[in-house]
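For reference, final.txt is printed below; it contains compact mmCIF, C-alpha atoms.
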# COMPACT_ATOMS: atom_id res chain seq x y z
CA MET A 1 0.00 0.00 0.00
CA VAL A 2 1.22 3.48 -0.91
CA GLU A 3 1.86 5.67 2.12
CA LYS A 4 -0.40 8.69 2.53
CA ARG A 5 2.54 11.01 3.09
CA ILE A 6 3.83 10.15 -0.39
CA ILE A 7 0.45 10.87 -1.97
CA LYS A 8 0.18 14.19 -0.14
CA SER A 9 3.65 15.26 -1.21
CA LEU A 10 2.77 14.41 -4.84
CA ILE A 11 -0.41 16.52 -4.66
CA VAL A 12 1.47 19.58 -3.42
CA GLU A 13 4.34 19.00 -5.85
CA LYS A 14 2.00 19.12 -8.85
CA GLN A 15 0.06 22.11 -7.50
CA ASP A 16 3.32 24.05 -7.45
CA GLU A 17 4.75 22.66 -10.67
CA ILE A 18 1.92 22.70 -13.23
CA PRO A 19 1.12 26.45 -13.21
CA LYS A 20 4.78 27.18 -14.08
CA ILE A 21 5.20 24.75 -16.99
CA PRO A 22 5.90 26.61 -20.27
CA LEU A 23 3.51 25.47 -23.00
CA VAL A 24 2.84 25.90 -26.70
CA LYS A 25 -0.89 26.60 -26.72
CA ARG A 26 -2.92 24.08 -28.69
CA PRO A 27 -6.57 24.31 -29.80
CA LEU A 28 -8.68 22.90 -26.97
CA ASN A 29 -12.44 23.41 -26.97
CA LEU A 30 -14.03 21.61 -24.03
CA ASP A 31 -17.61 21.84 -22.83
CA ALA A 32 -17.61 23.38 -19.37
CA ALA A 33 -20.17 20.82 -18.19
CA GLY A 34 -18.24 17.77 -19.35
CA ASN A 35 -15.88 15.22 -17.84
CA TYR A 36 -13.27 14.09 -20.39
CA VAL A 37 -11.12 11.12 -21.32
CA PHE A 38 -8.11 12.24 -23.42
CA ILE A 39 -6.89 9.35 -25.55
CA GLY A 40 -4.27 8.97 -28.23
CA LEU A 41 -0.80 7.85 -29.23
CA ARG A 42 1.88 7.74 -26.55
CA ARG A 43 3.77 11.07 -26.35
CA ALA A 44 1.18 12.86 -28.48
CA GLY A 45 0.81 15.54 -25.79
CA LYS A 46 -2.13 14.40 -23.64
CA SER A 47 -0.45 15.37 -20.37
CA TYR A 48 0.45 18.79 -21.74
CA LEU A 49 -3.17 19.37 -22.73
CA LEU A 50 -4.11 18.60 -19.13
CA TYR A 51 -1.53 21.17 -18.02
CA GLN A 52 -2.90 23.68 -20.52
CA HIS A 53 -6.46 23.15 -19.31
CA ILE A 54 -5.39 23.57 -15.68
CA GLN A 55 -3.53 26.79 -16.51
CA ASP A 56 -6.58 28.08 -18.40
CA LEU A 57 -8.83 27.33 -15.42
CA LEU A 58 -6.41 29.10 -13.06
CA ARG A 59 -6.13 32.13 -15.34
CA GLN A 60 -9.90 32.38 -15.69
CA GLY A 61 -10.33 32.15 -11.92
CA THR A 62 -12.49 29.03 -12.24
CA ILE A 63 -10.25 27.21 -9.75
CA GLY A 64 -7.44 28.07 -7.37
CA LYS A 65 -4.18 26.18 -6.97
CA ASP A 66 -5.55 24.31 -3.94
CA ASN A 67 -8.35 22.86 -6.10
CA ILE A 68 -5.88 20.86 -8.23
CA LEU A 69 -5.68 17.13 -7.59
CA TYR A 70 -3.36 15.84 -10.31
CA VAL A 71 -1.95 12.31 -10.28
CA ASN A 72 0.51 10.87 -12.82
CA PHE A 73 0.21 7.09 -12.64
CA GLU A 74 3.54 6.62 -14.42
CA ASP A 75 5.29 8.11 -11.37
CA GLU A 76 7.43 5.34 -9.90
CA ARG A 77 6.57 6.46 -6.36
CA ILE A 78 3.00 5.17 -6.80
CA ALA A 79 3.78 2.32 -9.21
CA SER A 80 2.34 -0.26 -6.82
CA VAL A 81 -1.08 1.37 -6.41
CA SER A 82 -4.08 -0.88 -7.10
CA GLY A 83 -7.62 -0.09 -8.19
CA GLU A 84 -8.86 -0.65 -4.64
CA GLU A 85 -6.47 2.05 -3.37
CA LEU A 86 -7.48 4.81 -5.78
CA GLY A 87 -9.87 6.29 -3.23
CA MET A 88 -6.84 7.13 -1.05
CA PHE A 89 -6.05 10.08 -3.32
CA ILE A 90 -9.40 11.68 -2.48
CA GLU A 91 -8.93 10.86 1.22
CA CYS A 92 -5.51 12.46 1.28
CA TYR A 93 -6.76 15.57 -0.48
CA LYS A 94 -9.64 15.97 2.01
CA GLU A 95 -7.22 15.64 4.91
CA MET A 96 -5.20 18.52 3.47
CA TYR A 97 -7.83 20.98 2.16
CA ASP A 98 -11.29 22.18 3.02
CA ALA A 99 -12.18 22.44 -0.66
CA ARG A 100 -13.57 20.41 -3.53
CA PRO A 101 -10.90 19.27 -5.98
CA TRP A 102 -10.88 19.18 -9.76
CA ILE A 103 -9.38 15.79 -10.51
CA PHE A 104 -6.81 15.09 -13.23
CA LEU A 105 -5.74 11.44 -13.65
CA ASP A 106 -2.83 11.03 -16.06
CA GLU A 107 -2.03 7.68 -17.77
CA ILE A 108 -4.43 5.74 -15.59
CA GLN A 109 -5.19 2.98 -18.11
CA ASN A 110 -2.86 0.43 -16.52
CA ILE A 111 -4.64 0.47 -13.15
CA GLU A 112 -7.09 -2.41 -12.98
CA GLY A 113 -10.54 -1.09 -12.08
CA TRP A 114 -9.86 2.56 -12.95
CA GLU A 115 -13.20 2.73 -14.83
CA LYS A 116 -15.23 2.05 -11.70
CA PHE A 117 -13.28 4.67 -9.78
CA ALA A 118 -13.85 7.21 -12.55
CA ARG A 119 -17.57 6.52 -12.58
CA ARG A 120 -17.82 6.93 -8.80
CA LEU A 121 -16.14 10.31 -9.11
CA ALA A 122 -18.52 11.40 -11.86
CA ASP A 123 -21.52 10.14 -9.88
CA SER A 124 -20.29 12.25 -6.94
CA LYS A 125 -20.31 15.32 -9.26
CA TYR A 126 -16.54 15.82 -9.30
CA LYS A 127 -14.99 17.42 -12.37
CA VAL A 128 -12.70 14.73 -13.79
CA PHE A 129 -10.17 14.67 -16.64
CA ILE A 130 -8.39 11.45 -17.57
CA THR A 131 -5.65 10.56 -20.06
CA GLY A 132 -4.68 7.19 -21.48
CA SER A 133 -2.47 5.88 -24.28
CA ASN A 134 -4.69 3.02 -25.32
CA ALA A 135 -7.78 3.20 -27.50
CA LYS A 136 -9.20 0.27 -25.52
CA MET A 137 -10.37 3.03 -23.18
CA LEU A 138 -13.05 3.64 -25.79
CA SER A 139 -14.18 0.02 -26.09
CA ARG A 140 -17.84 -0.88 -25.69
CA GLU A 141 -17.12 -2.31 -22.25
CA ILE A 142 -15.52 0.90 -21.01
CA TYR A 143 -18.36 3.02 -22.37
CA THR A 144 -20.82 0.76 -20.59
CA THR A 145 -18.89 1.10 -17.34
CA LEU A 146 -18.58 4.88 -17.60
CA GLY A 147 -22.27 5.11 -18.40
CA GLY A 148 -21.98 8.09 -20.74
CA ARG A 149 -20.53 10.28 -18.00
CA PHE A 150 -17.34 11.07 -19.95
CA ILE A 151 -16.66 12.61 -23.35
CA ALA A 152 -13.81 11.18 -25.43
CA HIS A 153 -11.31 13.73 -26.75
CA GLU A 154 -8.70 12.41 -29.18
CA VAL A 155 -5.23 13.94 -28.93
CA PHE A 156 -2.87 13.84 -31.91
CA PRO A 157 0.78 14.80 -32.37
CA PHE A 158 1.34 18.43 -33.37
CA SER A 159 -0.11 19.70 -36.63
CA PHE A 160 2.15 21.66 -38.95
CA GLN A 161 0.50 24.88 -37.74
CA GLU A 162 1.35 23.94 -34.15
CA TYR A 163 4.89 23.04 -35.22
CA LEU A 164 5.29 26.55 -36.62
CA SER A 165 3.99 28.00 -33.34
CA PHE A 166 6.57 25.94 -31.45
CA ASN A 167 9.23 27.55 -33.65
CA GLU A 168 7.73 31.01 -32.99
CA VAL A 169 6.70 31.55 -36.60
CA VAL A 170 3.79 33.96 -36.85
CA LEU A 171 1.83 34.02 -40.09
CA ALA A 172 0.61 37.55 -40.74
CA GLN A 173 -1.73 38.51 -43.56
CA ASN A 174 -0.22 37.80 -47.01
CA TRP A 175 2.69 35.99 -45.35
CA GLU A 176 3.18 33.63 -48.30
CA TYR A 177 4.39 36.51 -50.48
CA GLY A 178 7.14 37.59 -48.08
CA ASP A 179 10.37 36.24 -46.59
CA VAL A 180 8.54 34.06 -44.06
CA ARG A 181 7.45 31.74 -46.88
CA ALA A 182 11.00 30.39 -47.23
CA GLN A 183 11.16 29.78 -43.47
CA VAL A 184 7.85 27.91 -43.54
CA VAL A 185 8.96 25.68 -46.41
CA LYS A 186 12.28 24.95 -44.67
CA LEU A 187 10.58 24.00 -41.39
CA PHE A 188 8.16 21.79 -43.28
CA GLN A 189 11.03 19.56 -44.38
CA ASP A 190 11.71 18.48 -40.79
CA TYR A 191 8.02 18.13 -39.98
CA PHE A 192 7.37 16.05 -43.10
CA TYR A 193 10.06 13.48 -42.34
CA PHE A 194 10.00 13.40 -38.54
CA GLY A 195 6.41 14.17 -37.62
CA GLY A 196 4.72 16.03 -34.80
CA PHE A 197 5.98 14.63 -31.50
CA ALA A 198 6.82 17.79 -29.58
CA GLU A 199 9.44 16.10 -27.41
CA SER A 200 11.45 15.21 -30.52
CA PHE A 201 11.68 18.79 -31.79
CA ILE A 202 14.74 19.71 -29.71
CA PHE A 203 16.76 16.64 -30.74
CA LYS A 204 19.28 16.72 -33.57
CA ASP A 205 19.03 12.95 -33.96
CA LYS A 206 15.25 12.78 -34.23
CA ARG A 207 15.25 9.36 -35.86
CA SER A 208 16.83 7.73 -32.78
CA TRP A 209 14.28 9.38 -30.48
CA ILE A 210 11.40 8.24 -32.68
CA ASN A 211 12.77 4.70 -32.91
CA SER A 212 13.00 4.58 -29.12
CA LEU A 213 9.39 5.72 -28.88
CA TYR A 214 8.31 3.08 -31.40
CA GLN A 215 9.99 0.35 -29.36
CA LYS A 216 8.17 1.59 -26.27
CA ILE A 217 4.81 1.55 -28.06
CA LEU A 218 5.39 -1.85 -29.64
CA LEU A 219 6.80 -3.59 -26.57
CA GLY A 220 4.77 -1.82 -23.89
CA ASP A 221 1.44 -0.98 -25.49
CA VAL A 222 1.20 -3.94 -27.86
CA VAL A 223 3.38 -6.95 -26.97
CA PHE A 224 3.37 -6.79 -23.16
CA ARG A 225 -0.19 -5.54 -22.73
CA ASN A 226 -1.64 -8.22 -24.99
CA SER A 227 0.68 -11.05 -23.83
CA ILE A 228 2.00 -11.64 -27.36
CA ARG A 229 4.51 -14.49 -27.52
CA ASN A 230 5.49 -14.13 -31.17
CA GLU A 231 7.16 -10.72 -31.03
CA ASN A 232 8.92 -11.27 -34.36
CA ALA A 233 5.61 -11.80 -36.15
CA ILE A 234 4.14 -8.50 -35.04
CA ARG A 235 7.38 -6.69 -35.93
CA VAL A 236 7.15 -8.14 -39.44
CA LEU A 237 3.48 -7.10 -39.62
CA VAL A 238 4.24 -3.47 -38.75
CA LYS A 239 7.02 -3.34 -41.34
CA LYS A 240 4.79 -4.78 -44.05
CA LEU A 241 1.96 -2.38 -43.18
CA ALA A 242 4.43 0.49 -43.55
CA GLU A 243 5.58 -0.77 -46.92
CA SER A 244 1.96 -1.17 -48.07
CA ILE A 245 0.97 2.46 -47.44
CA MET A 246 -1.12 3.82 -50.36
CA GLN A 247 -2.36 0.32 -51.35
CA PRO A 248 -5.65 -1.28 -50.26
CA SER A 249 -4.71 -4.52 -48.53
CA SER A 250 -6.99 -7.42 -47.73
CA LEU A 251 -6.31 -9.60 -44.72
CA ALA A 252 -5.48 -12.45 -47.11
CA ARG A 253 -2.89 -10.34 -48.95
CA ILE A 254 -1.25 -9.17 -45.72
CA ARG A 255 -1.15 -12.73 -44.45
CA ASN A 256 0.46 -13.97 -47.69
CA ILE A 257 3.10 -11.23 -47.56
CA ILE A 258 3.98 -12.13 -43.97
CA ASP A 259 4.01 -15.86 -44.76
CA SER A 260 6.51 -15.17 -47.58
CA THR A 261 9.01 -13.97 -44.97
CA GLY A 262 8.86 -17.30 -43.17
CA THR A 263 6.70 -15.94 -40.35
CA CYS A 264 3.31 -17.66 -40.32
CA LEU A 265 0.14 -16.23 -38.79
CA SER A 266 -3.37 -17.62 -38.70
CA ARG A 267 -6.13 -15.36 -39.96
CA ASN A 268 -7.58 -14.91 -36.47
CA THR A 269 -4.16 -14.02 -35.05
CA LEU A 270 -3.61 -11.49 -37.83
CA VAL A 271 -6.98 -9.87 -37.08
CA ASP A 272 -6.04 -9.67 -33.40
CA TYR A 273 -2.60 -8.21 -34.12
CA ILE A 274 -3.98 -5.45 -36.36
CA ARG A 275 -6.55 -4.60 -33.70
CA PHE A 276 -3.79 -4.40 -31.08
CA LEU A 277 -1.87 -1.95 -33.29
CA GLU A 278 -5.01 0.15 -33.73
CA ASP A 279 -5.71 0.01 -29.99
CA ALA A 280 -2.24 1.44 -29.37
CA CYS A 281 -3.04 4.27 -31.83
CA LEU A 282 -0.10 3.22 -33.99
CA VAL A 283 -2.05 2.60 -37.21
CA PHE A 284 -5.56 3.26 -38.49
CA GLY A 285 -7.52 1.98 -41.47
CA ILE A 286 -9.99 3.53 -43.88
CA SER A 287 -12.51 1.58 -45.93
CA ASN A 288 -13.60 1.70 -49.56
CA PHE A 289 -16.83 3.72 -49.73
CA SER A 290 -18.10 1.61 -52.63
CA ASP A 291 -17.52 -1.77 -50.96
CA LYS A 292 -20.17 -3.96 -49.38
CA LEU A 293 -20.24 -3.93 -45.58
CA SER A 294 -18.36 -7.23 -45.28
CA SER A 295 -15.51 -6.01 -47.49
CA LYS A 296 -15.29 -2.67 -45.64
CA GLU A 297 -13.89 -4.53 -42.65
CA THR A 298 -11.49 -6.84 -44.46
CA LEU A 299 -10.12 -4.63 -47.27
CA LYS A 300 -8.63 -1.35 -46.08
CA LYS A 301 -5.92 1.20 -46.69
CA ARG A 302 -3.87 1.54 -43.53
CA TYR A 303 -1.84 4.51 -42.35
CA PHE A 304 0.39 5.44 -39.42
CA TRP A 305 -0.67 8.07 -36.89
CA ASP A 306 2.56 10.04 -37.36
CA ASN A 307 4.97 10.49 -40.27
CA GLY A 308 7.99 10.09 -38.02
CA LEU A 309 6.91 6.59 -37.03
CA LEU A 310 6.21 5.61 -40.64
CA ASN A 311 9.51 7.05 -41.87
CA ASN A 312 11.26 4.65 -39.49
CA PHE A 313 10.59 1.83 -41.96
CA LEU A 314 10.94 3.38 -45.41
CA PHE A 315 13.60 3.95 -48.06
CA GLU A 316 12.89 6.79 -50.53
CA PRO A 317 9.73 7.51 -48.55
CA GLU A 318 8.46 10.78 -50.06
CA ALA A 319 5.34 9.59 -51.93
CA LYS A 320 4.20 7.40 -49.03
CA LEU A 321 4.87 10.07 -46.42
CA LEU A 322 2.92 12.59 -48.50
CA GLU A 323 -0.20 10.43 -48.66
CA ASN A 324 0.17 9.40 -45.01
CA LEU A 325 0.31 13.03 -43.87
CA VAL A 326 -2.84 13.88 -45.85
CA ALA A 327 -4.56 10.80 -44.35
CA ILE A 328 -3.67 11.87 -40.80
CA THR A 329 -4.96 15.38 -41.37
CA LEU A 330 -8.26 14.22 -42.85
CA LYS A 331 -8.70 11.56 -40.15
CA LYS A 332 -8.36 14.20 -37.43
CA ARG A 333 -11.14 16.25 -38.97
CA TYR A 334 -13.55 13.61 -40.27
CA GLY A 335 -12.91 10.46 -38.23
CA ASP A 336 -14.97 7.51 -39.44
CA GLU A 337 -16.49 9.65 -42.21
CA LEU A 338 -13.23 9.32 -44.19
CA TYR A 339 -13.05 6.76 -47.02
CA TYR A 340 -11.17 5.99 -50.21
CA TYR A 341 -13.07 5.25 -53.43
CA ASN A 342 -12.28 2.31 -55.69
CA ARG A 343 -14.94 1.15 -58.10
CA ASN A 344 -13.72 1.39 -61.69
CA ILE A 345 -12.06 4.66 -60.61
CA GLU A 346 -9.53 5.30 -57.86
CA VAL A 347 -9.69 8.35 -55.59
CA ASP A 348 -7.37 8.50 -52.59
CA PHE A 349 -9.77 10.16 -50.13
CA PHE A 350 -13.51 10.71 -50.26
CA ILE A 351 -15.56 12.47 -47.58
CA PRO A 352 -19.20 12.12 -48.65
CA LYS A 353 -20.52 14.05 -45.65
CA ALA A 354 -18.43 17.08 -46.68
CA HIS A 355 -18.98 16.53 -50.44
CA SER A 356 -15.21 16.55 -50.77
CA ALA A 357 -12.52 14.48 -52.49
CA VAL A 358 -8.72 14.61 -52.35
CA GLN A 359 -6.14 13.07 -54.64
CA VAL A 360 -2.49 12.91 -53.57
CA SER A 361 0.24 13.10 -56.20
CA TYR A 362 3.86 13.95 -55.48
CA SER A 363 4.07 15.64 -58.89
CA ILE A 364 1.57 16.45 -61.63
CA ALA A 365 4.20 17.79 -64.03
CA ASN A 366 3.73 14.73 -66.21
CA ALA A 367 0.68 15.24 -68.43
CA ALA A 368 -0.44 11.61 -68.16
CA THR A 369 -0.28 11.73 -64.35
CA LEU A 370 -2.28 14.95 -64.22
CA GLN A 371 -4.91 13.57 -66.60
CA ARG A 372 -5.27 10.39 -64.56
CA GLU A 373 -5.84 12.28 -61.31
CA VAL A 374 -8.25 14.77 -62.87
CA LYS A 375 -10.23 12.11 -64.75
CA ALA A 376 -10.82 10.12 -61.55
CA LEU A 377 -12.10 13.20 -59.71
CA VAL A 378 -14.40 14.20 -62.57
CA ARG A 379 -15.87 10.70 -62.77
CA LEU A 380 -16.40 10.62 -59.00
CA SER A 381 -18.20 13.98 -59.20
CA GLU A 382 -20.57 12.47 -61.76
CA ARG A 383 -21.58 9.81 -59.22
CA HIS A 384 -21.53 11.98 -56.08
CA ALA A 385 -22.02 15.74 -55.91
CA LEU A 386 -18.70 17.35 -54.88
CA SER A 387 -18.28 20.91 -53.67
CA LYS A 388 -14.56 20.79 -52.87
CA VAL A 389 -12.02 18.88 -54.96
CA GLU A 390 -8.24 19.01 -54.47
CA ILE A 391 -4.99 17.46 -55.60
CA VAL A 392 -2.31 17.70 -52.92
CA THR A 393 1.22 17.85 -54.38
CA TRP A 394 4.73 18.36 -53.07
CA ASP A 395 5.24 21.88 -54.44
CA GLU A 396 3.04 22.40 -57.53
CA GLU A 397 0.02 24.67 -57.64
CA ALA A 398 -2.66 25.14 -60.27
CA THR A 399 -6.38 25.60 -60.87
CA ILE A 400 -7.81 23.03 -63.28
CA THR A 401 -11.28 23.15 -64.82
CA GLU A 402 -12.64 20.07 -66.53
CA GLY A 403 -16.09 18.58 -66.98
CA GLY A 404 -17.65 21.50 -65.13
CA LEU A 405 -15.49 20.74 -62.09
CA THR A 406 -12.93 23.15 -60.63
CA ILE A 407 -9.98 21.33 -59.07
CA GLN A 408 -7.34 23.02 -56.94
CA ALA A 409 -3.83 21.57 -57.01
CA ILE A 410 -1.98 22.80 -53.95
CA PRO A 411 1.42 22.21 -52.25
CA VAL A 412 1.10 20.05 -49.16
CA TRP A 413 2.52 22.64 -46.72
CA LYS A 414 0.04 25.22 -47.96
CA TRP A 415 -2.83 22.72 -47.85
CA LEU A 416 -2.00 21.79 -44.25
CA LEU A 417 -2.10 25.40 -43.10
CA ALA A 418 -5.34 26.15 -44.94
CA PHE A 419 -6.88 22.98 -43.56
CA SER A 420 -5.84 23.87 -39.99
CA ALA A 421 -7.51 27.25 -40.35
CA GLU A 422 -10.72 25.64 -41.66
CA SER A 423 -10.74 23.02 -38.89
CA PHE A 424 -10.30 25.65 -36.19
CA ALA A 425 -13.14 27.75 -37.63
CA ALA A 426 -15.38 24.66 -37.81
CA SER A 427 -14.64 23.73 -34.17
CA LEU A 428 -16.02 27.06 -33.00
CA PHE A 429 -19.47 26.10 -34.22
CA ARG A 430 -19.64 22.52 -32.98
What do you get writing this file as C-alpha cells?
Amino acid sequence: MVEKRIIKSLIVEKQDEIPKIPLVKRPLNLDAAGNYVFIGLRRAGKSYLLYQHIQDLLRQGTIGKDNILYVNFEDERIASVSGEELGMFIECYKEMYDARPWIFLDEIQNIEGWEKFARRLADSKYKVFITGSNAKMLSREIYTTLGGRFIAHEVFPFSFQEYLSFNEVVLAQNWEYGDVRAQVVKLFQDYFYFGGFAESFIFKDKRSWINSLYQKILLGDVVFRNSIRNENAIRVLVKKLAESIMQPSSLARIRNIIDSTGTCLSRNTLVDYIRFLEDACLVFGISNFSDKLSSKETLKKRYFWDNGLLNNFLFEPEAKLLENLVAITLKKRYGDELYYYNRNIEVDFFIPKAHSAVQVSYSIANAATLQREVKALVRLSERHALSKVEIVTWDEEATITEGGLTIQAIPVWKWLLAFSAESFAASLFR
C-alpha cells in the first residue's frame, strides 16, 4: 500500500509545478459541463493538454491552486497502487484541504478497475479529466462502465500549424508573399520526415528518439499488454503495413506477404494483431466507400498516426509520407467519415458528408499523371455531388477546370495550413 505522506507530497508538488510549466498553446475546446477522457498515441501531448487546461482554469479564476488534484500514474513512487487504493487520493486531499478538488488522472489505463473509480467520481459530481495511451479506453465495455458520464477527446501529435507555433513563426496577412514563406517551407522539411511529436523537436538525432518511442509503443502498449509471444511476427506485420501504405490490402494479402518472410500467422491471429496496433493508436484503417459492408472490414488502406513513425521503416519515402500526412490530417477532422473510393475509378480520399474528395500526387508535371488524377475526380463527381475537390502535391500549384469541375492543385505545406484554419473555424461552431 502506498503511504499517505507520499500521496500528499505528490499533490502539493503538482500544484506548485503545473502552473509554471511553459507550454505551446494548442486548440482545446471543451464543454464546461463535461468530464473528459483524453486518448491517443503515446507522447502525443495528452499530459500537456491537461496542463494547458489547468492553466486556463487558473487564469480564468475558475479554480485556485488548492483545487488541483493531479496524479501521474507513471510516477514510480506510486507504481504499486491498485484499483482498490485509488480512493486514497481523495482521502488524502480531504485531509489537506477544506475544498472540492478538480481531478486530473494522467495515464491511468494500466490500473485495474480505474473505470469504476472514474464513474464513482462522476456520480459524486466531481470534475474529472483522464488521459490514457490506449484506444481500448473507448471500447464498448468501457463506455458501458462509464455510463456516458465522460466525453472522449482524441489527442494527436502536433499539426504543422502547431509546429510553426513551437518555432515562434507567426503568419501575418499575405505571409506567403514575403520572406517568411522560405522559413515555412524549410521547417516543413523536418516536420514532413519526422512528424509532430513535440518532445522530438529539440533533438538533432530525431530518428533515434522516434525509434526509441516506437519500441516503447510496440513492446509496452502492444506486446506486453496483450501477452504476445510471437514478437517477431508482429514486428514483421508493422514493417509490411508500412511498406503497403497507399495500397488497399486485404487480410489475405497481408497474411500472404507475412508468410513469404517465413513468419506464419493464422487469420484470427492477424486480425487480433492489427486490432492491437489500432488500440495502441499506432495505425488506423480507412474503408472503400463503394464496398459492401463485409468487405469494408477486411479490405482497407492503412496509415500510421505520425509520419515520423512511418519514416522509421521506409527507403525513398516521399510519396508514401505525403499520402500518409494527408490521411492523418483528414482523419483528425472527419474520423470515421473518411473513405477511399475504388470502383472502376480510384480516388485516394472521399468524404461524402463534406462533399469533398482529395487526390495525392507527389508531382503532376507529367501530363499523363495529371490527366489520370483529374479524370478520376471528374468521374467521382458524376456519381456523387462534390463541392470541394483538391490534388495535394509536393510543391506544384494550379487551378484546373474540366467537366464543369474546378480542381485546386496545392502544395502540401500550404494545404496543411489552410486545412488547420478551416478546422479551427469549424470547431467554433460545434
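Taking CA of Val71 (chain A) as the reference point, CA of Arg5 (chain A) is found at 14.2 Å.
Here the question is which of A:Gln359, A:Thr62, A:Asn72, A:Asn311 gets nearest to Lys388 (chain A) using all atoms listed in the file, and that residue is A:Gln359.
Among the candidates A:Asp306, A:Glu397, A:Glu17, A:Glu84, the residue lying nearest to Val283 (chain A) is A:Asp306 (atoms considered: only C-alpha atoms).
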For this session: Please provide the set of residues having any atom within 12 Å of region 176-191 of chain A, restricted to only C-alpha atoms, with same-chain residues fewer than 5 positions apart removed, written as number ranges by chain.
Result: A: 157-171, 196-198, 200-207, 306-309, 311, 318, 321-322, 325, 394-395, 411-418
If I wrap all listed atoms of region 104-123 of chain A in a box with edges along x, y and z and add 4 Å on each side, what are its centre and edge lengths in Å to one decimal, as JSON?
{"center_x": -11.8, "center_y": 6.3, "center_z": -13.5, "size_x": 27.5, "size_y": 25.5, "size_z": 17.3}
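Remark: for Ala398 (chain A), the closest of the candidate residues A:Ile54, A:Val223, A:Asp291, A:Leu370 is A:Leu370 (distances computed over only C-alpha atoms).
Considering all atoms listed in the file, the residue among A:Tyr334, A:Tyr341, A:Phe156, A:Tyr303 positioned nearest to Gly40 (chain A) is A:Phe156.
For the residues A:Lys127, A:Lys296, A:Arg42, A:His53, ranking by smallest atom-to-atom distance to Arg26 (chain A) using all atoms listed in the file places A:His53 first.
One distance worth recording is that between CA of Asp348 (chain A) and CA of Gln408 (chain A), which is 15.2 Å.
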Quick one: residues within 12 Å of Gly220 (chain A), all atoms listed in the file counted, chain neighbours fewer than 4 positions away excluded, as a CSV table (one decimal) with C-alpha atoms, in the frame of the given file?
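File around-v7.csv, as written:
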chain,number,residue,atom,x,y,z
A,42,ARG,CA,1.9,7.7,-26.6
A,110,ASN,CA,-2.9,0.4,-16.5
A,133,SER,CA,-2.5,5.9,-24.3
A,134,ASN,CA,-4.7,3.0,-25.3
A,212,SER,CA,13.0,4.6,-29.1
A,213,LEU,CA,9.4,5.7,-28.9
A,214,TYR,CA,8.3,3.1,-31.4
A,215,GLN,CA,10.0,0.4,-29.4
A,216,LYS,CA,8.2,1.6,-26.3
A,224,PHE,CA,3.4,-6.8,-23.2
A,225,ARG,CA,-0.2,-5.5,-22.7
A,226,ASN,CA,-1.6,-8.2,-25.0
A,227,SER,CA,0.7,-11.0,-23.8
A,228,ILE,CA,2.0,-11.6,-27.4
A,231,GLU,CA,7.2,-10.7,-31.0
A,276,PHE,CA,-3.8,-4.4,-31.1
A,277,LEU,CA,-1.9,-2.0,-33.3
A,280,ALA,CA,-2.2,1.4,-29.4
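Taking CA of Lys332 (chain A) and CA of Ser420 (chain A) as endpoints, the distance between them is 10.3 Å.
Proximity ranking of A:Cys92, A:Ala365, A:Phe315, A:Ser47 relative to Glu74 (chain A) places A:Ser47 first, based on only C-alpha atoms.
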Exercise. Within 12 Å of Lys125 (chain A), counting all atoms listed in the file, which residues qualify if same-chain residues fewer than 2 places away don't, as an NGL selection string?
Worked result: :A and (33-35 or 100-103 or 118-123 or 127-128 or 149-150)
Exercise. Using only C-alpha atoms, which residues sit within 12 Å of Tyr36 (chain A) once same-chain residues fewer than 5 positions away are excluded, as a PyMOL selection string?
Worked result: chain A and resi 28-31+46+49-50+53+103-106+118-119+122+126-132+137-138+146+148-155
For this session: Excluding Pro352 (chain A) and residues on its chain fewer than 3 positions from it, collect all residues at most 12 Å away from it, counting all atoms listed in the file, and give them as a PyMOL selection string.
Result: chain A and resi 288-290+334+336-341+349+355-358+380-381+383-389
Take region 92-102 of chain A, bring it up to N, CA and C atoms, and give me the output as a PDB file, in the frame of the given file.
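rebuild26.pdb written:
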ATOM      1  N   CYS A  92      -6.664  11.626   0.943  1.00  0.00           N
ATOM      2  CA  CYS A  92      -5.510  12.460   1.280  1.00  0.00           C
ATOM      3  C   CYS A  92      -5.790  13.936   0.980  1.00  0.00           C
ATOM      4  N   TYR A  93      -6.439  14.182  -0.143  1.00  0.00           N
ATOM      5  CA  TYR A  93      -6.760  15.570  -0.480  1.00  0.00           C
ATOM      6  C   TYR A  93      -7.664  16.186   0.588  1.00  0.00           C
ATOM      7  N   LYS A  94      -8.698  15.446   1.019  1.00  0.00           N
ATOM      8  CA  LYS A  94      -9.640  15.970   2.010  1.00  0.00           C
ATOM      9  C   LYS A  94      -8.976  16.217   3.359  1.00  0.00           C
ATOM     10  N   GLU A  95      -7.943  15.420   3.660  1.00  0.00           N
ATOM     11  CA  GLU A  95      -7.220  15.640   4.910  1.00  0.00           C
ATOM     12  C   GLU A  95      -6.362  16.895   4.847  1.00  0.00           C
ATOM     13  N   MET A  96      -6.070  17.367   3.646  1.00  0.00           N
ATOM     14  CA  MET A  96      -5.200  18.520   3.470  1.00  0.00           C
ATOM     15  C   MET A  96      -5.963  19.830   3.245  1.00  0.00           C
ATOM     16  N   TYR A  97      -7.133  19.765   2.586  1.00  0.00           N
ATOM     17  CA  TYR A  97      -7.830  20.980   2.160  1.00  0.00           C
ATOM     18  C   TYR A  97      -9.313  20.905   2.488  1.00  0.00           C
ATOM     19  N   ASP A  98      -9.850  22.037   2.843  1.00  0.00           N
ATOM     20  CA  ASP A  98     -11.290  22.180   3.020  1.00  0.00           C
ATOM     21  C   ASP A  98     -11.857  22.761   1.731  1.00  0.00           C
ATOM     22  N   ALA A  99     -11.757  21.985   0.666  1.00  0.00           N
ATOM     23  CA  ALA A  99     -12.180  22.440  -0.660  1.00  0.00           C
ATOM     24  C   ALA A  99     -12.560  21.231  -1.492  1.00  0.00           C
ATOM     25  N   ARG A 100     -13.179  21.487  -2.627  1.00  0.00           N
ATOM     26  CA  ARG A 100     -13.570  20.410  -3.530  1.00  0.00           C
ATOM     27  C   ARG A 100     -12.601  20.395  -4.712  1.00  0.00           C
ATOM     28  N   PRO A 101     -11.918  19.278  -4.936  1.00  0.00           N
ATOM     29  CA  PRO A 101     -10.900  19.270  -5.980  1.00  0.00           C
ATOM     30  C   PRO A 101     -11.470  19.080  -7.384  1.00  0.00           C
ATOM     31  N   TRP A 102     -10.729  19.586  -8.363  1.00  0.00           N
ATOM     32  CA  TRP A 102     -10.880  19.180  -9.760  1.00  0.00           C
ATOM     33  C   TRP A 102      -9.827  18.100  -9.960  1.00  0.00           C
TER      34      TRP A 102
END
